[in-house]
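Coordinates as given in work_24.csv (CSV, N, CA and C atoms):
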```csv
chain,number,residue,atom,x,y,z
A,534,MET,N,0.8,-1.2,0.0
A,534,MET,CA,0.0,0.0,0.0
A,534,MET,C,0.9,1.2,0.0
A,535,PHE,N,0.4,2.3,-0.7
A,535,PHE,CA,1.2,3.5,-0.8
A,535,PHE,C,0.7,4.5,0.2
A,536,PHE,N,1.6,5.4,0.7
A,536,PHE,CA,1.3,6.5,1.5
A,536,PHE,C,0.4,7.4,0.7
A,537,LYS,N,-0.8,7.7,1.2
A,537,LYS,CA,-1.7,8.6,0.5
A,537,LYS,C,-2.1,9.8,1.4
A,538,PRO,N,-1.2,10.8,1.4
A,538,PRO,CA,-1.6,11.9,2.3
A,538,PRO,C,-2.7,12.7,1.7
A,539,LYS,N,-3.4,13.4,2.6
A,539,LYS,CA,-4.4,14.3,2.1
A,539,LYS,C,-3.8,15.5,1.3
A,540,PRO,N,-4.5,15.9,0.2
A,540,PRO,CA,-3.9,17.0,-0.5
A,540,PRO,C,-3.8,18.3,0.3
A,541,ALA,N,-2.9,19.1,0.0
A,541,ALA,CA,-2.8,20.4,0.8
A,541,ALA,C,-4.0,21.2,0.7
A,542,ARG,N,-4.8,21.0,-0.4
A,542,ARG,CA,-6.1,21.7,-0.6
A,542,ARG,C,-6.9,20.8,-1.5
A,543,ASP,N,-8.1,21.1,-1.6
A,543,ASP,CA,-9.0,20.3,-2.5
A,543,ASP,C,-9.8,21.1,-3.5
A,544,ASP,N,-9.3,22.3,-3.7
A,544,ASP,CA,-10.0,23.2,-4.6
A,544,ASP,C,-9.2,23.5,-5.9
A,545,PHE,N,-8.5,22.5,-6.4
A,545,PHE,CA,-7.7,22.7,-7.6
A,545,PHE,C,-8.7,23.0,-8.8
A,546,PRO,N,-8.3,23.7,-9.8
A,546,PRO,CA,-9.2,24.0,-10.9
A,546,PRO,C,-9.6,22.8,-11.7
A,547,ILE,N,-8.8,21.8,-11.7
A,547,ILE,CA,-9.2,20.5,-12.4
A,547,ILE,C,-9.4,19.5,-11.3
A,548,ARG,N,-10.7,19.0,-11.3
A,548,ARG,CA,-11.0,18.0,-10.3
A,548,ARG,C,-11.8,16.8,-11.0
A,549,ARG,N,-11.4,15.6,-10.6
A,549,ARG,CA,-12.1,14.4,-11.2
A,549,ARG,C,-12.3,13.4,-10.0
A,550,SER,N,-13.2,12.5,-10.2
A,550,SER,CA,-13.4,11.5,-9.2
A,550,SER,C,-12.2,10.5,-9.4
A,551,GLU,N,-12.1,9.6,-8.4
A,551,GLU,CA,-11.0,8.6,-8.5
A,551,GLU,C,-11.3,7.7,-9.7
A,552,ALA,N,-12.5,7.4,-10.0
A,552,ALA,CA,-12.8,6.5,-11.1
A,552,ALA,C,-12.4,7.2,-12.4
A,553,GLU,N,-12.6,8.5,-12.5
A,553,GLU,CA,-12.3,9.3,-13.7
A,553,GLU,C,-10.7,9.3,-13.9
A,554,TRP,N,-10.0,9.5,-12.8
A,554,TRP,CA,-8.6,9.5,-12.8
A,554,TRP,C,-8.0,8.2,-13.2
A,555,ARG,N,-8.6,7.1,-12.7
A,555,ARG,CA,-8.2,5.8,-13.0
A,555,ARG,C,-8.4,5.5,-14.5
A,556,ALA,N,-9.5,6.0,-15.1
A,556,ALA,CA,-9.8,5.8,-16.5
A,556,ALA,C,-8.9,6.6,-17.4
A,557,ALA,N,-8.4,7.7,-16.9
A,557,ALA,CA,-7.6,8.6,-17.7
A,557,ALA,C,-6.1,8.3,-17.7
A,558,LEU,N,-5.7,7.7,-16.6
A,558,LEU,CA,-4.2,7.5,-16.4
A,558,LEU,C,-3.8,6.0,-16.5
A,559,ASP,N,-2.6,5.7,-16.9
A,559,ASP,CA,-2.1,4.4,-16.9
A,559,ASP,C,-1.8,4.1,-15.4
A,560,PRO,N,-1.7,2.8,-15.0
A,560,PRO,CA,-1.6,2.4,-13.6
A,560,PRO,C,-0.5,3.1,-12.9
A,561,LEU,N,0.7,3.2,-13.5
A,561,LEU,CA,1.8,3.8,-12.8
A,561,LEU,C,1.6,5.3,-12.6
A,562,ALA,N,1.1,6.0,-13.6
A,562,ALA,CA,0.8,7.4,-13.5
A,562,ALA,C,-0.3,7.6,-12.4
A,563,PHE,N,-1.3,6.8,-12.4
A,563,PHE,CA,-2.3,6.9,-11.3
A,563,PHE,C,-1.6,6.8,-9.9
A,564,ARG,N,-0.8,5.8,-9.7
A,564,ARG,CA,-0.2,5.6,-8.4
A,564,ARG,C,0.7,6.8,-8.0
A,565,VAL,N,1.4,7.3,-9.0
A,565,VAL,CA,2.3,8.5,-8.7
A,565,VAL,C,1.5,9.7,-8.5
A,566,LEU,N,0.7,10.1,-9.5
A,566,LEU,CA,-0.1,11.4,-9.4
A,566,LEU,C,-1.1,11.4,-8.3
A,567,ARG,N,-1.9,10.3,-8.2
A,567,ARG,CA,-3.0,10.4,-7.3
A,567,ARG,C,-2.8,9.7,-5.9
A,568,GLU,N,-1.8,8.8,-5.8
A,568,GLU,CA,-1.5,8.1,-4.5
A,568,GLU,C,-0.1,8.4,-4.0
A,569,HIS,N,0.6,9.4,-4.6
A,569,HIS,CA,1.9,9.8,-4.1
A,569,HIS,C,2.9,8.7,-4.1
A,570,ALA,N,2.9,7.8,-5.0
A,570,ALA,CA,3.9,6.8,-5.1
A,570,ALA,C,5.1,7.4,-5.8
A,571,THR,N,6.2,6.6,-5.8
A,571,THR,CA,7.4,7.0,-6.5
A,571,THR,C,7.8,5.8,-7.4
A,572,GLU,N,8.1,6.2,-8.7
A,572,GLU,CA,8.5,5.2,-9.6
A,572,GLU,C,10.0,4.8,-9.3
A,573,ARG,N,10.4,3.6,-9.7
A,573,ARG,CA,11.7,3.1,-9.4
A,573,ARG,C,12.7,4.0,-10.2
A,574,ALA,N,13.8,4.3,-9.5
A,574,ALA,CA,14.9,5.1,-10.1
A,574,ALA,C,15.4,4.5,-11.4
A,575,GLY,N,15.7,5.4,-12.3
A,575,GLY,CA,16.3,4.9,-13.6
A,575,GLY,C,15.3,4.3,-14.6
A,576,THR,N,14.0,4.2,-14.3
A,576,THR,CA,13.1,3.5,-15.2
A,576,THR,C,12.4,4.4,-16.2
A,577,SER,N,12.4,5.7,-16.0
A,577,SER,CA,11.7,6.6,-16.9
A,577,SER,C,12.5,6.9,-18.2
A,578,PRO,N,11.9,6.8,-19.4
A,578,PRO,CA,12.6,7.2,-20.6
A,578,PRO,C,12.9,8.7,-20.6
A,579,LEU,N,12.2,9.4,-19.8
A,579,LEU,CA,12.4,10.9,-19.8
A,579,LEU,C,13.8,11.2,-19.2
A,580,ASN,N,14.4,10.3,-18.4
A,580,ASN,CA,15.7,10.6,-17.9
A,580,ASN,C,16.7,10.9,-19.0
A,581,ARG,N,16.5,10.2,-20.2
A,581,ARG,CA,17.4,10.3,-21.3
A,581,ARG,C,17.0,11.4,-22.3
A,582,GLU,N,15.9,12.0,-22.1
A,582,GLU,CA,15.4,13.0,-23.0
A,582,GLU,C,16.2,14.3,-23.0
A,583,LYS,N,16.7,14.7,-24.2
A,583,LYS,CA,17.6,15.8,-24.3
A,583,LYS,C,17.1,16.9,-25.2
A,584,ARG,N,16.0,16.7,-25.9
A,584,ARG,CA,15.5,17.7,-26.9
A,584,ARG,C,14.9,18.9,-26.2
A,585,PRO,N,14.9,20.0,-26.9
A,585,PRO,CA,14.1,21.2,-26.4
A,585,PRO,C,12.6,20.8,-26.3
A,586,GLY,N,11.9,21.4,-25.4
A,586,GLY,CA,10.5,21.2,-25.3
A,586,GLY,C,9.9,21.5,-24.0
A,587,LEU,N,8.8,21.0,-23.7
A,587,LEU,CA,8.0,21.3,-22.5
A,587,LEU,C,7.6,20.0,-21.9
A,588,TYR,N,7.7,19.9,-20.6
A,588,TYR,CA,7.2,18.8,-19.8
A,588,TYR,C,5.9,19.2,-19.2
A,589,ARG,N,4.9,18.5,-19.5
A,589,ARG,CA,3.5,18.8,-19.0
A,589,ARG,C,3.1,17.7,-18.0
A,590,CYS,N,2.1,18.1,-17.2
A,590,CYS,CA,1.5,17.2,-16.3
A,590,CYS,C,0.8,16.0,-17.1
A,591,ALA,N,1.1,14.8,-16.7
A,591,ALA,CA,0.6,13.6,-17.4
A,591,ALA,C,-0.9,13.5,-17.0
A,592,GLY,N,-1.4,14.2,-16.0
A,592,GLY,CA,-2.8,14.1,-15.6
A,592,GLY,C,-3.7,15.0,-16.3
A,593,CYS,N,-3.2,16.3,-16.4
A,593,CYS,CA,-4.1,17.3,-16.9
A,593,CYS,C,-3.5,18.1,-18.1
A,594,GLY,N,-2.2,17.9,-18.4
A,594,GLY,CA,-1.6,18.6,-19.5
A,594,GLY,C,-1.1,20.0,-19.2
A,595,ALA,N,-1.1,20.4,-18.0
A,595,ALA,CA,-0.6,21.7,-17.7
A,595,ALA,C,0.9,21.8,-17.9
A,596,PRO,N,1.4,22.9,-18.4
A,596,PRO,CA,2.9,23.1,-18.6
A,596,PRO,C,3.6,23.2,-17.2
A,597,LEU,N,4.6,22.3,-17.0
A,597,LEU,CA,5.2,22.3,-15.7
A,597,LEU,C,6.7,22.7,-15.7
A,598,PHE,N,7.5,22.2,-16.6
A,598,PHE,CA,8.9,22.4,-16.7
A,598,PHE,C,9.3,22.6,-18.1
A,599,ASP,N,10.2,23.6,-18.4
A,599,ASP,CA,10.8,23.8,-19.7
A,599,ASP,C,12.1,22.9,-19.7
A,600,ALA,N,12.3,22.3,-20.9
A,600,ALA,CA,13.5,21.4,-21.0
A,600,ALA,C,14.8,22.2,-20.7
A,601,ALA,N,14.8,23.5,-20.9
A,601,ALA,CA,16.0,24.3,-20.7
A,601,ALA,C,16.4,24.2,-19.2
A,602,ALA,N,15.5,23.9,-18.3
A,602,ALA,CA,15.7,23.8,-16.9
A,602,ALA,C,16.1,22.4,-16.4
A,603,LYS,N,16.2,21.5,-17.3
A,603,LYS,CA,16.4,20.1,-17.0
A,603,LYS,C,18.0,19.9,-16.9
A,604,PHE,N,18.3,19.0,-15.9
A,604,PHE,CA,19.8,18.6,-15.8
A,604,PHE,C,19.9,17.2,-15.3
A,605,ASP,N,21.0,16.6,-15.5
A,605,ASP,CA,21.2,15.2,-15.1
A,605,ASP,C,21.8,15.2,-13.6
A,606,SER,N,20.9,14.9,-12.7
A,606,SER,CA,21.3,14.9,-11.3
A,606,SER,C,22.0,13.7,-10.8
A,607,GLY,N,21.9,12.6,-11.7
A,607,GLY,CA,22.5,11.3,-11.3
A,607,GLY,C,21.6,10.6,-10.3
A,608,THR,N,20.4,11.0,-10.0
A,608,THR,CA,19.5,10.4,-9.1
A,608,THR,C,18.7,9.3,-9.7
A,609,GLY,N,18.5,9.3,-11.0
A,609,GLY,CA,17.6,8.3,-11.6
A,609,GLY,C,16.2,8.8,-11.9
A,610,TRP,N,16.0,10.1,-11.6
A,610,TRP,CA,14.7,10.7,-11.9
A,610,TRP,C,15.0,12.0,-12.7
A,611,PRO,N,14.0,12.4,-13.6
A,611,PRO,CA,14.2,13.7,-14.3
A,611,PRO,C,14.3,14.8,-13.2
A,612,SER,N,15.3,15.7,-13.4
A,612,SER,CA,15.5,16.8,-12.5
A,612,SER,C,15.5,18.1,-13.2
A,613,PHE,N,15.1,19.1,-12.5
A,613,PHE,CA,14.9,20.5,-13.1
A,613,PHE,C,15.4,21.5,-12.0
A,614,THR,N,15.9,22.6,-12.5
A,614,THR,CA,16.3,23.7,-11.6
A,614,THR,C,15.1,24.6,-11.2
A,615,ALA,N,14.1,24.6,-12.0
A,615,ALA,CA,12.9,25.5,-11.7
A,615,ALA,C,11.7,25.1,-12.5
A,616,PRO,N,10.5,25.2,-12.0
A,616,PRO,CA,9.3,25.0,-12.8
A,616,PRO,C,8.9,26.2,-13.6
A,617,VAL,N,8.0,26.0,-14.5
A,617,VAL,CA,7.3,27.1,-15.2
A,617,VAL,C,6.6,27.9,-14.1
A,618,GLN,N,6.8,29.2,-14.0
A,618,GLN,CA,6.3,30.1,-13.0
A,618,GLN,C,4.8,29.9,-12.7
A,619,GLY,N,4.5,29.6,-11.5
A,619,GLY,CA,3.1,29.5,-11.1
A,619,GLY,C,2.4,28.2,-11.4
A,620,ARG,N,3.2,27.2,-11.9
A,620,ARG,CA,2.6,26.0,-12.4
A,620,ARG,C,2.7,24.8,-11.4
A,621,VAL,N,3.6,25.0,-10.4
A,621,VAL,CA,3.8,23.9,-9.4
A,621,VAL,C,3.6,24.5,-8.0
A,622,GLY,N,2.9,23.7,-7.2
A,622,GLY,CA,2.6,24.0,-5.8
A,622,GLY,C,3.5,23.2,-4.9
A,623,GLU,N,3.6,23.6,-3.7
A,623,GLU,CA,4.5,22.9,-2.7
A,623,GLU,C,3.7,22.7,-1.4
A,624,ARG,N,4.1,21.7,-0.7
A,624,ARG,CA,3.6,21.5,0.7
A,624,ARG,C,4.6,20.7,1.5
A,625,GLU,N,4.6,20.8,2.8
A,625,GLU,CA,5.5,20.0,3.6
A,625,GLU,C,5.1,18.5,3.6
A,626,ASP,N,6.1,17.7,3.5
A,626,ASP,CA,5.8,16.2,3.5
A,626,ASP,C,6.7,15.6,4.6
A,627,ASN,N,6.1,15.1,5.6
A,627,ASN,CA,6.8,14.5,6.7
A,627,ASN,C,6.7,13.0,6.7
A,628,SER,N,6.4,12.4,5.6
A,628,SER,CA,6.4,10.9,5.5
A,628,SER,C,7.8,10.3,5.5
A,629,LEU,N,7.9,9.1,5.6
A,629,LEU,CA,9.2,8.3,5.6
A,629,LEU,C,10.1,8.9,6.7
A,630,PHE,N,9.6,9.4,7.8
A,630,PHE,CA,10.4,9.8,8.9
A,630,PHE,C,11.4,10.9,8.6
A,631,MET,N,11.0,11.8,7.6
A,631,MET,CA,11.9,12.9,7.3
A,631,MET,C,11.0,14.1,6.8
A,632,ARG,N,11.6,15.2,6.8
A,632,ARG,CA,10.9,16.4,6.3
A,632,ARG,C,11.4,16.8,4.9
A,633,ARG,N,10.4,16.8,4.0
A,633,ARG,CA,10.8,17.2,2.6
A,633,ARG,C,9.7,18.1,2.1
A,634,THR,N,10.0,18.7,0.9
A,634,THR,CA,9.0,19.6,0.3
A,634,THR,C,8.4,18.9,-0.9
A,635,GLU,N,7.2,18.5,-0.8
A,635,GLU,CA,6.5,17.8,-2.0
A,635,GLU,C,6.1,18.8,-3.0
A,636,VAL,N,6.1,18.5,-4.3
A,636,VAL,CA,5.6,19.4,-5.3
A,636,VAL,C,4.5,18.7,-6.0
A,637,HIS,N,3.5,19.5,-6.4
A,637,HIS,CA,2.3,19.0,-7.1
A,637,HIS,C,1.9,20.0,-8.2
A,638,CYS,N,1.2,19.5,-9.2
A,638,CYS,CA,0.6,20.3,-10.2
A,638,CYS,C,-0.4,21.3,-9.6
A,639,ALA,N,-0.2,22.6,-10.0
A,639,ALA,CA,-1.1,23.6,-9.5
A,639,ALA,C,-2.5,23.5,-10.0
A,640,ASP,N,-2.7,22.8,-11.2
A,640,ASP,CA,-4.0,22.7,-11.8
A,640,ASP,C,-4.8,21.6,-11.3
A,641,CYS,N,-4.2,20.4,-11.1
A,641,CYS,CA,-5.0,19.2,-10.8
A,641,CYS,C,-4.5,18.6,-9.4
A,642,GLY,N,-3.5,19.1,-8.8
A,642,GLY,CA,-3.0,18.6,-7.5
A,642,GLY,C,-2.2,17.3,-7.6
A,643,GLY,N,-1.9,16.8,-8.8
A,643,GLY,CA,-1.2,15.6,-9.0
A,643,GLY,C,0.2,15.7,-8.4
A,644,HIS,N,0.6,14.6,-7.6
A,644,HIS,CA,1.9,14.6,-7.0
A,644,HIS,C,2.9,14.4,-8.1
A,645,LEU,N,4.0,15.2,-8.0
A,645,LEU,CA,5.0,15.2,-9.0
A,645,LEU,C,6.3,14.6,-8.5
A,646,GLY,N,6.7,15.0,-7.3
A,646,GLY,CA,7.9,14.6,-6.7
A,646,GLY,C,8.3,15.5,-5.5
A,647,HIS,N,9.5,15.8,-5.4
A,647,HIS,CA,10.0,16.7,-4.3
A,647,HIS,C,11.0,17.7,-4.8
A,648,VAL,N,11.2,18.8,-4.0
A,648,VAL,CA,12.3,19.7,-4.4
A,648,VAL,C,13.3,19.8,-3.2
A,649,PHE,N,14.5,19.8,-3.6
A,649,PHE,CA,15.6,19.8,-2.6
A,649,PHE,C,16.6,20.9,-2.9
A,650,PRO,N,17.2,21.4,-1.8
A,650,PRO,CA,18.1,22.6,-1.9
A,650,PRO,C,19.6,22.2,-2.3
A,651,ASP,N,19.7,21.2,-3.2
A,651,ASP,CA,21.1,20.8,-3.6
A,651,ASP,C,21.3,20.8,-5.1
A,652,GLY,N,20.6,21.6,-5.8
A,652,GLY,CA,20.7,21.7,-7.2
A,652,GLY,C,21.8,22.7,-7.7
A,653,PRO,N,22.0,22.7,-9.0
A,653,PRO,CA,23.0,23.6,-9.6
A,653,PRO,C,22.5,25.0,-9.7
A,654,PRO,N,23.4,26.0,-10.0
A,654,PRO,CA,22.9,27.3,-10.4
A,654,PRO,C,22.0,27.3,-11.6
A,655,PRO,N,21.2,28.2,-11.8
A,655,PRO,CA,21.1,29.5,-11.1
A,655,PRO,C,20.2,29.4,-9.8
A,656,THR,N,19.4,28.4,-9.6
A,656,THR,CA,18.5,28.4,-8.4
A,656,THR,C,19.0,27.7,-7.2
A,657,GLY,N,19.9,26.7,-7.4
A,657,GLY,CA,20.4,25.9,-6.3
A,657,GLY,C,19.4,24.9,-5.9
A,658,LEU,N,18.3,24.7,-6.7
A,658,LEU,CA,17.2,23.8,-6.3
A,658,LEU,C,17.3,22.6,-7.3
A,659,ARG,N,16.8,21.5,-6.8
A,659,ARG,CA,16.7,20.2,-7.6
A,659,ARG,C,15.2,19.7,-7.5
A,660,TYR,N,14.4,20.0,-8.5
A,660,TYR,CA,13.1,19.4,-8.6
A,660,TYR,C,13.2,18.0,-9.1
A,661,CYS,N,13.1,17.1,-8.2
A,661,CYS,CA,13.3,15.6,-8.5
A,661,CYS,C,11.9,15.1,-8.8
A,662,ILE,N,11.6,14.8,-10.1
A,662,ILE,CA,10.2,14.6,-10.5
A,662,ILE,C,10.1,13.2,-11.1
A,663,ASN,N,9.0,12.5,-10.8
A,663,ASN,CA,8.7,11.2,-11.3
A,663,ASN,C,8.4,11.4,-12.8
A,664,GLY,N,9.0,10.6,-13.7
A,664,GLY,CA,8.8,10.6,-15.1
A,664,GLY,C,7.3,10.2,-15.4
A,665,ALA,N,6.8,9.4,-14.6
A,665,ALA,CA,5.4,8.9,-14.8
A,665,ALA,C,4.4,10.1,-14.6
A,666,ALA,N,4.8,11.1,-14.0
A,666,ALA,CA,3.9,12.3,-13.7
A,666,ALA,C,4.0,13.3,-14.9
A,667,LEU,N,4.9,13.0,-15.8
A,667,LEU,CA,5.1,14.0,-16.9
A,667,LEU,C,4.8,13.4,-18.3
A,668,ALA,N,4.5,14.3,-19.2
A,668,ALA,CA,4.4,14.0,-20.6
A,668,ALA,C,5.3,15.0,-21.3
A,669,PHE,N,6.2,14.6,-22.2
A,669,PHE,CA,7.1,15.5,-22.9
A,669,PHE,C,6.5,15.9,-24.2
A,670,GLU,N,6.6,17.2,-24.5
A,670,GLU,CA,6.2,17.8,-25.8
A,670,GLU,C,7.4,18.4,-26.4
A,671,PRO,N,7.9,17.8,-27.5
A,671,PRO,CA,9.1,18.4,-28.1
A,671,PRO,C,8.8,19.7,-28.7
A,672,ALA,N,9.8,20.6,-28.8
A,672,ALA,CA,9.6,21.9,-29.4
A,672,ALA,C,9.4,21.7,-30.9
A,673,ALA,N,8.6,22.6,-31.5
A,673,ALA,CA,8.3,22.5,-32.9
A,673,ALA,C,9.5,22.8,-33.8
```
Final structure tokens representation of the file:
Amino acid sequence: MFFKPKPARDDFPIRRSEAEWRAALDPLAFRVLREHATERAGTSPLNREKRPGLYRCAGCGAPLFDAAAKFDSGTGWPSFTAPVQGRVGEREDNSLFMRRTEVHCADCGGHLGHVFPDGPPPTGLRYCINGAALAFEPAA
């Protein structure tokens, strides 16, 4: 069973029932986005994605991260220095006996991953994001 914390809020612009989310998402994306699971490190094909483009929420399609902010953190998950402004929300996560900052889609509340203060310049942040929570849209 996965840790399933209550969302920081329940008034996101995009709301669906659990059945609607299950129908719209593949099983791994559902577990990550809706149940706060974490995919196994190194399993996402987005780890190797190097093209310019936009990373969108796999749940609702909202723009989350520009490929220009992506870097190889060596952690096994897609990592970014910053989100698209205003597109990612944060909340304190005290699960797993530690304090972390969870990040979620500002539109649908889907769990994306966590942000850590050990990233490269210019922000010094590492948004460590589950690839299953993302859909990549290459630049035209």
**Report entry** Protein, DNA and RNA residues within 8 Å of (8.5, 5.5, -17.1), all atoms listed in the file, as a list in words
**Finding:**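 Final list of nearby residues, as requested, is Glu572, Arg573, Gly575, Thr576, Ser577, Pro578, Leu579, Asn580, Asn663, Gly664, Ala665 and Ala666 of chain A.
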Requested in this report: For Val648 of chain A, work out the shell of residues within 7 Å, counting all atoms listed in the file and skipping chain neighbours fewer than 2 positions away, then give it as a list of chain:residue names.
Outcome: A:Arg633, A:Thr634, A:Glu635, A:Val636, A:Gly646, A:Pro650, A:Asp651, A:Leu658, A:Arg659, A:Tyr660, A:Cys661
Report task. Would you mind telling me which residue in A:Cys638, A:Ile662, A:Ala595, A:Ala556 lies nearest to Phe613 of chain A when using only C-alpha atoms? Result ->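 When distances to Phe613 of chain A are compared using only C-alpha atoms, the smallest one comes from A:Ile662.
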Requested in this report: Find, counting only C-alpha atoms, the residue in A:Ala574, A:Ala562, A:Ala600, A:Ala639 that gets nearest to Glu623 of chain A.
Outcome: A:Ala639
Requested in this report: Enter the distance from atom C of Gly622 of chain A to atom CA of Phe563 of chain A, in Å, rounded to one decimal.
Outcome: 18.4 Å
Query - Between atom CA of Ser612 of chain A and atom CA of Asp544 of chain A, distance in Å (one decimal) - result: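 Between atom CA of Ser612 of chain A and atom CA of Asp544 of chain A the gap is 27.5 Å.
Taking atom CA of Arg584 of chain A and atom CA of Trp610 of chain A as the two end points, the separation is 16.6 Å.
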**Report entry** Counting only N, CA and C atoms, the residue of A:Ala615, A:Ala673, A:Ile547, A:Val621 that sits nearest Lys603 of chain A
**Finding:**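 Checking each candidate against Lys603 of chain A, we get A:Ala615 as the closest.
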Query raised in the report: Taking into account only C-alpha atoms, which residue in the set A:Thr656, A:Thr614, A:Thr571, A:Ser550 is nearest to Leu597 of chain A?
Result: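 Among the listed residues, A:Thr614 lies closest to Leu597 of chain A.
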